[in-house]
Structure formats: C-alpha cells, structure tokens
2 protein chains.
Amino acid sequence: MAKLHVRNLAISLDGYVAGPNQSADNPLGEGGTGLHEWVFATQTGRTWFGNDGGETGVDDDFVKAGEVGIGATIMGRNMFGPIRGAWADEEWKGWWGDNPPYHHDTFVMTHHPRPSLPMAGGTTFHFVNDTPEAVLKQAIEAADGKDVRLGGGSSVVRQFLQAGLVDELHLAVVPILLGGGERLYDDLGTLPGYRVSSVVRSPAITHVQFSKA
Amino acid sequence: MAKLHVRNLAISLDGYVAGPNQSADNPLGEGGTGLHEWVFATQTGRTWFGNDGGETGVDDDFVKAGEVGIGATIMGRNMFGPIRGAWADEEWKGWWGDNPPYHHDTFVMTHHPRPSLPMAGGTTFHFVNDTPEAVLKQAIEAADGKDVRLGGGSSVVRQFLQAGLVDELHLAVVPILLGGGERLYDDLGTLPGYRVSSVVRSPAITHVQFSKA
C-alpha cells in the first residue's frame, strides 16, 4: 500500500513555511531563505548545485532520504510558480529550469488546468483541479508501487492533513522567526489522528516526525 | 545594570504557551500540562513537590538556573489567577498555596490594583496598573542589585518584548501541538533588536535563547 510522505518541510519557530511578501523575485518570502540554509549546508544539498563538500550527519541523512522510494510528487500551484489566477500563457515551466529535480510524474494542484508538461530528466508536470483524494489516487497510480511525496506550500499540506491522507509528516524546525507568511498550523488543531513518532536533533535544527496514530 | 530575563518559557511547536479554554480547573488550558512535563521530569522540578529522583542534564540545568541571580519577578494577572475583571474579594492568593516559590517581591500586572499581599517564605505580591517600563523600574529597585525575571503569560511577555525591555528570552520548545490557546508570536514580527544567541537540545526539547542584538 503506497504511502504519502511530507519530508524535510522546513518551518520557522513561529510556524511559517515561507516568509511574508512572496513574489517572483523572492519566492520564499522575506527571510524565507533562512529556512533552507541547513539543506544547502549538507553534502547532498550541495551536490544539487554541482558543489563538493558540505556536512554529513543527521541533516544530510534526512535530505538524502527525501526522494528515496518516491515515485510521484504532489505540490501546490504556488510551489510551482509565482503566477496566480489564470495562466496568461504556458511559458512558465517551474522554478527549476529544464531538468527539474523530480524525475517522475509531478502533480500540480491548481484551479486552472493546462496541458501536461514533459521536461528533461523524466519529470512530467500534470496540472490537476481535483480533490486531495482524487489527486492522491492519480499520484499513487503514477508511482507504480513506490510511495508519493507531498511538497508545499502550507495550504496544500494542510488540506491533505485535514483529510487524513498524509502517512508521515516530517518537519524540520529551524530556530528563526519569520514574523509572517505562510503559516502551517492554522486550522490543524492538535492534528487529530497523528502522534509525534520521532524527534531527532542536529546542531542546526530539530526534526519532528508525525505518524498516523 | 540589572537585566530582565524570561526563562524556561515552554512553548508548543505551534507557538502556544497555554492551551485553549483556560479555566480555574484547567489553568494551563487543554493539553497545556504537556508543555511542562519536561520540567517535572527533572531532578529540580521533582524537588518542588518533595519528590526524589528525576533527570539531570540539560533540562535540569535550565530549570535549576531559572531563579539564580533573580531578586524580583513580574507576571501577568492570568499567571496569578483565573479571575478576570474586578476582584470580587481578596481571597485569591495565587495558584501556589501559602508559600509561593518566588521568595521575593513579585509584581502582578493588572488593571485592578489591590493591597500588597505578603506570603510565607518571603514572597510579597504587589498589584500594579502601570506601563511595562514603570513596572520594570519598580522591580529593579525591589531586586536590589539582582536581576528580574519575567513570567507569563504570553501577552505580558509580548508587551515587554515589543518595548525592547527583555534582555534574555529563553524558550523551551516542546514537540507537541496545542491547536489554540495563548499564542506568543502574534505581532512580534521577527523580533527586531534580538538575535538567536544559543540553541541547546535535550532528548525532550529544544532550548532557544534570544539576546539583544
């Protein structure tokens, strides 16, 4: 039975997964890059940009494990791009250049569908206007026996959590304050149906994992 | 120069220092006791209730250091008791019984002053309707060369932080969700004027300290 994983979701002490005033020039919002510095300090994170070096250890283990066993990805439209509302054209192909780091079917949830977009390296973006349940079903089929990973942003993660569809939620709690932006915890209550299954600390951050109770 | 310290302020992952629906029977709100279990697991926390045993280590060190060098305490009215609005009488003498654990002048901020209340063990509660600046001034005088500790709740801590009066803020981040209650981070922005000066992790929690930048 395929599982749905949220992995390495970086969140500030005040509960934001992106800072205030997100824009095309500043997709993570003000201060938002501070959420991800721990990733780019790891050996695995550095290889993404063709760099050597970097830290091994707890954080690197989590980053390295992020894509292991994953056969499809689901993300929100704001994680795909900065354009809101109807697509003016189909020029925007994501933040990641010609060869996005997914290498499998990737489902972008949007109220404005457009044709599927095959990219180099095996990533195909599918634009779906459907319920979390229906999107997950498609992603599980595309994953062909592997698990599915759910990216951000906060509103998509919340929808899947509220529907009880996430099997494993891994938060990387970063000791910074963003003061505003995309807050994960609104309307999640105490996350009924989930329990904290693991807390692992590195020098930089605290990894908290929630599993279905 | 006397400093103002917030120490061992337990806060949930979702940013609450007390759970929802606080009442006289449930002063910490629903789930709020989960914020403090780490304290009562320490050797120092257990001695408060006349118990032996308990853990030593990082958490115990923080709990033990909580009152060191402190000569006066400031707290909000809700930390003193569950009564809101005008005092019906002067029967309520705090949550702590006849011998409160302060043993020095303790300033309770309230819009409804009442006569000072001397207790056994050296604690005297003073009820003050004044600005954070003015209350701090009185507390520093009372502390007589020692530092001042600021207790909760969240609204009092926020007021002092917003006024830049807190010198050291120590949060004990507990990996639980409360889903509502007293949220610390509202209207604090990124806490301008402060920086994260230390992050120390125990098996149970993450201690994050902010100092003036």
# chains A, B, ... in the order shown; residues from 1 in each chain; ligands from 1

call {"tool": "residues_around", "arguments": {"residues": "Ile74 in chain B", "least_positions_apart": "6", "cutoff": "8 Å", "atoms": "only C-alpha atoms", "output": "list in words"}}
result
Thr106, Phe107, Val108, Met109, Val135, Leu136, Ala139, Val148, Arg149, Leu150 and Gly151 of chain B

call {"tool": "write_last_selection", "arguments": {"atoms": "N, CA and C atoms", "output": "mmCIF file, in the first residue's frame"}}
result
data_model
loop_
_atom_site.group_PDB
_atom_site.id
_atom_site.type_symbol
_atom_site.label_atom_id
_atom_site.label_comp_id
_atom_site.auth_asym_id
_atom_site.auth_seq_id
_atom_site.Cartn_x
_atom_site.Cartn_y
_atom_site.Cartn_z
ATOM 1 N N THR B 106 7.098 40.219 44.024
ATOM 2 C CA THR B 106 6.545 39.701 42.776
ATOM 3 C C THR B 106 5.432 40.644 42.319
ATOM 4 N N PHE B 107 5.616 41.210 41.142
ATOM 5 C CA PHE B 107 4.736 42.262 40.643
ATOM 6 C C PHE B 107 3.722 41.660 39.673
ATOM 7 N N VAL B 108 2.454 41.769 40.019
ATOM 8 C CA VAL B 108 1.377 41.216 39.194
ATOM 9 C C VAL B 108 0.737 42.375 38.436
ATOM 10 N N MET B 109 0.827 42.336 37.107
ATOM 11 C CA MET B 109 0.279 43.432 36.302
ATOM 12 C C MET B 109 -1.222 43.236 36.103
ATOM 13 N N VAL B 135 6.753 49.323 35.630
ATOM 14 C CA VAL B 135 6.760 48.111 36.463
ATOM 15 C C VAL B 135 8.189 47.562 36.560
ATOM 16 N N LEU B 136 8.897 47.590 35.432
ATOM 17 C CA LEU B 136 10.278 47.101 35.455
ATOM 18 C C LEU B 136 11.132 47.939 36.399
ATOM 19 N N ALA B 139 10.479 46.846 39.839
ATOM 20 C CA ALA B 139 11.017 45.505 40.089
ATOM 21 C C ALA B 139 12.532 45.551 40.247
ATOM 22 N N VAL B 148 15.932 40.651 37.266
ATOM 23 C CA VAL B 148 14.478 40.490 37.358
ATOM 24 C C VAL B 148 14.057 39.403 36.383
ATOM 25 N N ARG B 149 13.103 38.580 36.802
ATOM 26 C CA ARG B 149 12.566 37.541 35.921
ATOM 27 C C ARG B 149 11.139 37.904 35.526
ATOM 28 N N LEU B 150 10.857 37.721 34.264
ATOM 29 C CA LEU B 150 9.513 37.964 33.744
ATOM 30 C C LEU B 150 8.859 36.611 33.493
ATOM 31 N N GLY B 151 7.732 36.371 34.184
ATOM 32 C CA GLY B 151 6.978 35.133 33.934
ATOM 33 C C GLY B 151 6.035 35.348 32.763
#

call {"tool": "select_by_dssp", "arguments": {"residues": "chain B", "states": "strand (DSSP E)", "output": "PyMOL selection string"}}
result
chain B and resi 4-12+16-18+70-76+105-109+117-118+124-128+147-150+168-174+182-183+194-201+206-212

call {"tool": "closest_atom_pairs", "arguments": {"of": "chain B", "to": "chain A", "cutoff": "8 Å", "atoms": "only C-alpha atoms", "output": "tab-separated table"}}
result
residue	atom	partner	partner_atom	distance
B:Leu13	CA	A:Leu13	CA	7.2
B:Asp14	CA	A:Gly15	CA	6.0
B:Gly15	CA	A:Asp14	CA	6.0
B:Pro175	CA	A:Val208	CA	7.1
B:Ile176	CA	A:Val196	CA	7.4
B:Leu177	CA	A:Thr190	CA	5.0
B:Leu178	CA	A:Thr190	CA	5.3
B:Gly179	CA	A:Gly189	CA	3.7
B:Gly180	CA	A:Gly189	CA	6.8
B:Tyr185	CA	A:Asp14	CA	6.2
B:Asp187	CA	A:Gly179	CA	7.6
B:Leu188	CA	A:Gly179	CA	6.5
B:Gly189	CA	A:Gly179	CA	3.7
B:Thr190	CA	A:Gly179	CA	4.6
B:Leu191	CA	A:Leu177	CA	7.4
B:Val196	CA	A:Ile176	CA	7.5
B:Val199	CA	A:Pro175	CA	7.7
B:Arg201	CA	A:Arg201	CA	6.8
B:Thr206	CA	A:Thr206	CA	7.4
B:Val208	CA	A:Pro175	CA	7.1

call {"tool": "residues_around", "arguments": {"residues": "Asp167 in chain B", "least_positions_apart": "3", "cutoff": "12 Å", "atoms": "only C-alpha atoms", "output": "tab-separated table (two decimals) with N, CA and C atoms, in the first residue's frame"}}
result
chain	number	residue	atom	x	y	z
B	1	MET	N	24.15	46.88	36.01
B	1	MET	CA	22.83	47.17	35.42
B	1	MET	C	21.98	45.90	35.43
B	2	ALA	N	20.88	45.96	36.12
B	2	ALA	CA	20.01	44.76	36.24
B	2	ALA	C	19.43	44.40	34.89
B	3	LYS	N	19.31	43.09	34.63
B	3	LYS	CA	18.73	42.61	33.38
B	3	LYS	C	17.37	41.96	33.63
B	4	LEU	N	16.59	41.93	32.56
B	4	LEU	CA	15.28	41.27	32.62
B	4	LEU	C	15.35	39.97	31.81
B	5	HIS	N	15.02	38.87	32.47
B	5	HIS	CA	15.12	37.54	31.87
B	5	HIS	C	13.76	36.87	31.76
B	6	VAL	N	13.48	36.26	30.62
B	6	VAL	CA	12.41	35.27	30.52
B	6	VAL	C	13.11	33.92	30.46
B	7	ARG	N	12.78	33.04	31.38
B	7	ARG	CA	13.49	31.76	31.47
B	7	ARG	C	12.50	30.60	31.45
B	136	LEU	N	8.90	47.59	35.43
B	136	LEU	CA	10.28	47.10	35.45
B	136	LEU	C	11.13	47.94	36.40
B	147	ASP	N	18.99	40.53	39.26
B	147	ASP	CA	18.21	40.65	38.04
B	147	ASP	C	16.73	40.39	38.30
B	148	VAL	N	15.93	40.65	37.27
B	148	VAL	CA	14.48	40.49	37.36
B	148	VAL	C	14.06	39.40	36.38
B	149	ARG	N	13.10	38.58	36.80
B	149	ARG	CA	12.57	37.54	35.92
B	149	ARG	C	11.14	37.90	35.53
B	150	LEU	N	10.86	37.72	34.26
B	150	LEU	CA	9.51	37.96	33.74
B	150	LEU	C	8.86	36.61	33.49
B	157	VAL	N	4.57	38.91	28.19
B	157	VAL	CA	5.88	38.72	27.56
B	157	VAL	C	5.96	39.52	26.26
B	160	PHE	N	6.51	43.31	26.90
B	160	PHE	CA	7.89	43.64	27.27
B	160	PHE	C	8.84	43.46	26.09
B	161	LEU	N	8.60	42.46	25.26
B	161	LEU	CA	9.45	42.27	24.08
B	161	LEU	C	9.26	43.41	23.10
B	162	GLN	N	8.01	43.79	22.88
B	162	GLN	CA	7.73	44.88	21.94
B	162	GLN	C	8.37	46.19	22.39
B	163	ALA	N	8.45	46.37	23.71
B	163	ALA	CA	9.08	47.57	24.25
B	163	ALA	C	10.60	47.43	24.33
B	164	GLY	N	11.12	46.26	23.93
B	164	GLY	CA	12.57	46.06	23.95
B	164	GLY	C	13.15	45.97	25.35
B	170	HIS	N	14.44	33.01	26.91
B	170	HIS	CA	14.73	31.58	26.75
B	170	HIS	C	13.41	30.83	26.55
B	193	GLY	N	15.77	43.65	16.88
B	193	GLY	CA	16.57	44.02	18.05
B	193	GLY	C	17.07	42.83	18.83
B	194	TYR	N	16.62	41.61	18.42
B	194	TYR	CA	17.09	40.40	19.10
B	194	TYR	C	17.71	39.45	18.08
B	195	ARG	N	18.59	38.57	18.57
B	195	ARG	CA	19.16	37.53	17.72
B	195	ARG	C	19.13	36.23	18.52
B	197	SER	N	20.86	33.59	20.23
B	197	SER	CA	22.22	33.55	20.77
B	197	SER	C	22.64	32.14	21.14
B	209	GLN	N	17.57	30.45	22.86
B	209	GLN	CA	17.74	31.69	23.60
B	209	GLN	C	17.92	32.86	22.64
B	210	PHE	N	17.17	33.91	22.89
B	210	PHE	CA	17.31	35.17	22.17
B	210	PHE	C	17.96	36.19	23.11
B	211	SER	N	18.90	36.95	22.55
B	211	SER	CA	19.52	38.04	23.30
B	211	SER	C	19.39	39.32	22.50
B	212	LYS	N	19.57	40.45	23.17
B	212	LYS	CA	19.54	41.71	22.44
B	212	LYS	C	20.67	41.73	21.41
B	213	ALA	N	20.33	42.19	20.21
B	213	ALA	CA	21.31	42.16	19.11
B	213	ALA	C	22.41	43.19	19.38

call {"tool": "atom_distance", "arguments": {"atom1": "CA of Asp98 in chain A", "atom2": "CA of Asn8 in chain A"}}
result
23.6 Å

call {"tool": "residues_around", "arguments": {"residues": "Phe125 in chain A", "least_positions_apart": "3", "cutoff": "12 Å", "atoms": "only C-alpha atoms", "output": "MDAnalysis selection string"}}
result
chainID A and resid 72:77 80 92:94 96 98:110 113:122 128 139 142

call {"tool": "write_last_selection", "arguments": {"atoms": "C-alpha atoms", "output": "CSV table (one decimal), in the first residue's frame"}}
result
chain,number,residue,atom,x,y,z
A,72,ALA,CA,5.5,10.6,-7.8
A,73,THR,CA,5.2,14.1,-6.3
A,74,ILE,CA,2.2,16.4,-5.5
A,75,MET,CA,2.6,20.1,-4.9
A,76,GLY,CA,0.6,23.2,-4.8
A,77,ARG,CA,0.5,25.7,-7.6
A,80,PHE,CA,5.3,25.5,-9.0
A,92,TRP,CA,6.2,29.3,-17.1
A,93,LYS,CA,7.7,25.8,-16.5
A,94,GLY,CA,8.5,25.9,-12.8
A,96,TRP,CA,13.8,24.5,-11.6
A,98,ASP,CA,14.9,22.4,-17.9
A,99,ASN,CA,15.7,19.5,-15.8
A,100,PRO,CA,13.7,19.6,-12.5
A,101,PRO,CA,14.8,17.5,-9.6
A,102,TYR,CA,11.8,15.2,-9.5
A,103,HIS,CA,12.4,12.8,-12.4
A,104,HIS,CA,8.9,11.4,-12.2
A,105,ASP,CA,5.2,12.4,-12.6
A,106,THR,CA,4.6,15.6,-10.6
A,107,PHE,CA,1.0,16.7,-9.9
A,108,VAL,CA,0.5,20.5,-9.5
A,109,MET,CA,-2.8,21.3,-7.9
A,110,THR,CA,-4.5,24.3,-9.5
A,113,PRO,CA,-5.6,23.2,-15.6
A,114,ARG,CA,-3.3,23.3,-18.6
A,115,PRO,CA,-1.7,20.5,-20.8
A,116,SER,CA,0.8,18.2,-19.1
A,117,LEU,CA,4.3,19.4,-19.5
A,118,PRO,CA,7.1,16.8,-20.1
A,119,MET,CA,10.6,18.1,-19.1
A,120,ALA,CA,14.1,16.7,-19.4
A,121,GLY,CA,15.2,14.1,-16.9
A,122,GLY,CA,11.8,12.3,-16.6
A,128,VAL,CA,-4.9,18.9,-11.8
A,139,ALA,CA,-0.2,10.0,-8.0
A,142,ALA,CA,1.8,7.0,-11.5

call {"tool": "select_by_dssp", "arguments": {"residues": "range 5-191 of chain B", "states": "helix (DSSP H, G or I)", "output": "JSON, numbers by chain"}}
result
{"B": [32, 33, 34, 35, 37, 38, 39, 40, 43, 44, 45, 46, 47, 58, 59, 60, 61, 62, 63, 64, 65, 77, 78, 79, 80, 120, 121, 122, 132, 133, 134, 135, 136, 137, 138, 139, 140, 141, 142, 143, 154, 155, 156, 157, 158, 159, 160, 161, 162]}

call {"tool": "residues_around", "arguments": {"residues": "range 35-44 of chain A", "least_positions_apart": "2", "cutoff": "7 Å", "atoms": "only C-alpha atoms", "output": "list in words"}}
result
Ala10, Ile11, Ser12, Gly32, Thr33, Arg46, Thr47, Trp48, Gly53, Gly54, Glu55, Thr56, Asp59, Asp60, Val63, Lys64, Val174 and Ala204 of chain A

call {"tool": "write_last_selection", "arguments": {"atoms": "N, CA, C and O atoms", "output": "PDB file, in the first residue's frame"}}
result
ATOM      1  N   ALA A  10      10.579  22.554   5.932  1.00  0.00           N
ATOM      2  CA  ALA A  10      11.246  23.486   6.843  1.00  0.00           C
ATOM      3  C   ALA A  10      10.238  24.500   7.366  1.00  0.00           C
ATOM      4  O   ALA A  10       9.466  25.080   6.597  1.00  0.00           O
ATOM      5  N   ILE A  11      10.255  24.704   8.664  1.00  0.00           N
ATOM      6  CA  ILE A  11       9.268  25.574   9.312  1.00  0.00           C
ATOM      7  C   ILE A  11       9.966  26.387  10.390  1.00  0.00           C
ATOM      8  O   ILE A  11      10.846  25.882  11.089  1.00  0.00           O
ATOM      9  N   SER A  12       9.589  27.661  10.484  1.00  0.00           N
ATOM     10  CA  SER A  12      10.224  28.540  11.462  1.00  0.00           C
ATOM     11  C   SER A  12       9.645  28.289  12.853  1.00  0.00           C
ATOM     12  O   SER A  12       8.604  27.657  13.002  1.00  0.00           O
ATOM     13  N   GLY A  32      12.749  33.982   4.009  1.00  0.00           N
ATOM     14  CA  GLY A  32      12.444  32.573   3.776  1.00  0.00           C
ATOM     15  C   GLY A  32      13.651  31.720   3.416  1.00  0.00           C
ATOM     16  O   GLY A  32      13.667  30.514   3.684  1.00  0.00           O
ATOM     17  N   THR A  33      14.674  32.328   2.824  1.00  0.00           N
ATOM     18  CA  THR A  33      15.856  31.517   2.500  1.00  0.00           C
ATOM     19  C   THR A  33      16.490  30.952   3.777  1.00  0.00           C
ATOM     20  O   THR A  33      17.098  29.890   3.749  1.00  0.00           O
ATOM     21  N   ARG A  46      24.459  20.300  -1.417  1.00  0.00           N
ATOM     22  CA  ARG A  46      25.479  20.967  -2.238  1.00  0.00           C
ATOM     23  C   ARG A  46      25.628  20.320  -3.605  1.00  0.00           C
ATOM     24  O   ARG A  46      25.880  21.006  -4.599  1.00  0.00           O
ATOM     25  N   THR A  47      25.434  19.009  -3.669  1.00  0.00           N
ATOM     26  CA  THR A  47      25.569  18.334  -4.978  1.00  0.00           C
ATOM     27  C   THR A  47      24.497  18.827  -5.952  1.00  0.00           C
ATOM     28  O   THR A  47      24.715  18.789  -7.161  1.00  0.00           O
ATOM     29  N   TRP A  48      23.350  19.282  -5.438  1.00  0.00           N
ATOM     30  CA  TRP A  48      22.293  19.770  -6.338  1.00  0.00           C
ATOM     31  C   TRP A  48      22.774  20.926  -7.203  1.00  0.00           C
ATOM     32  O   TRP A  48      22.228  21.183  -8.273  1.00  0.00           O
ATOM     33  N   GLY A  53      31.916  19.069  -1.009  1.00  0.00           N
ATOM     34  CA  GLY A  53      31.953  19.429   0.405  1.00  0.00           C
ATOM     35  C   GLY A  53      30.592  19.366   1.047  1.00  0.00           C
ATOM     36  O   GLY A  53      29.669  18.716   0.554  1.00  0.00           O
ATOM     37  N   GLY A  54      30.458  20.059   2.154  1.00  0.00           N
ATOM     38  CA  GLY A  54      29.208  20.048   2.882  1.00  0.00           C
ATOM     39  C   GLY A  54      29.225  19.049   4.013  1.00  0.00           C
ATOM     40  O   GLY A  54      30.095  18.184   4.104  1.00  0.00           O
ATOM     41  N   GLU A  55      28.245  19.165   4.878  1.00  0.00           N
ATOM     42  CA  GLU A  55      28.203  18.370   6.100  1.00  0.00           C
ATOM     43  C   GLU A  55      27.510  17.027   5.880  1.00  0.00           C
ATOM     44  O   GLU A  55      26.542  16.933   5.131  1.00  0.00           O
ATOM     45  N   THR A  56      28.026  16.024   6.540  1.00  0.00           N
ATOM     46  CA  THR A  56      27.301  14.767   6.656  1.00  0.00           C
ATOM     47  C   THR A  56      26.680  14.737   8.059  1.00  0.00           C
ATOM     48  O   THR A  56      26.896  15.651   8.851  1.00  0.00           O
ATOM     49  N   ASP A  59      21.326  15.901   9.408  1.00  0.00           N
ATOM     50  CA  ASP A  59      20.623  16.711   8.401  1.00  0.00           C
ATOM     51  C   ASP A  59      20.831  16.134   7.003  1.00  0.00           C
ATOM     52  O   ASP A  59      19.896  16.049   6.204  1.00  0.00           O
ATOM     53  N   ASP A  60      22.071  15.748   6.710  1.00  0.00           N
ATOM     54  CA  ASP A  60      22.353  15.164   5.401  1.00  0.00           C
ATOM     55  C   ASP A  60      21.574  13.861   5.206  1.00  0.00           C
ATOM     56  O   ASP A  60      21.051  13.601   4.113  1.00  0.00           O
ATOM     57  N   VAL A  63      18.049  14.825   4.230  1.00  0.00           N
ATOM     58  CA  VAL A  63      17.960  15.368   2.868  1.00  0.00           C
ATOM     59  C   VAL A  63      18.130  14.247   1.851  1.00  0.00           C
ATOM     60  O   VAL A  63      17.364  14.131   0.890  1.00  0.00           O
ATOM     61  N   LYS A  64      19.133  13.389   2.097  1.00  0.00           N
ATOM     62  CA  LYS A  64      19.418  12.287   1.183  1.00  0.00           C
ATOM     63  C   LYS A  64      18.224  11.344   1.075  1.00  0.00           C
ATOM     64  O   LYS A  64      17.902  10.831   0.002  1.00  0.00           O
ATOM     65  N   VAL A 174      13.328  25.094  12.253  1.00  0.00           N
ATOM     66  CA  VAL A 174      14.514  25.942  12.150  1.00  0.00           C
ATOM     67  C   VAL A 174      14.387  27.079  13.177  1.00  0.00           C
ATOM     68  O   VAL A 174      13.347  27.735  13.228  1.00  0.00           O
ATOM     69  N   ALA A 204      21.916  22.137  13.888  1.00  0.00           N
ATOM     70  CA  ALA A 204      21.223  23.265  13.256  1.00  0.00           C
ATOM     71  C   ALA A 204      19.727  23.291  13.556  1.00  0.00           C
ATOM     72  O   ALA A 204      19.149  24.363  13.750  1.00  0.00           O
TER      73      ALA A 204
END

call {"tool": "atom_distance", "arguments": {"atom1": "CA of Gly34 in chain A", "atom2": "CA of Gly97 in chain A"}}
result
22.3 Å
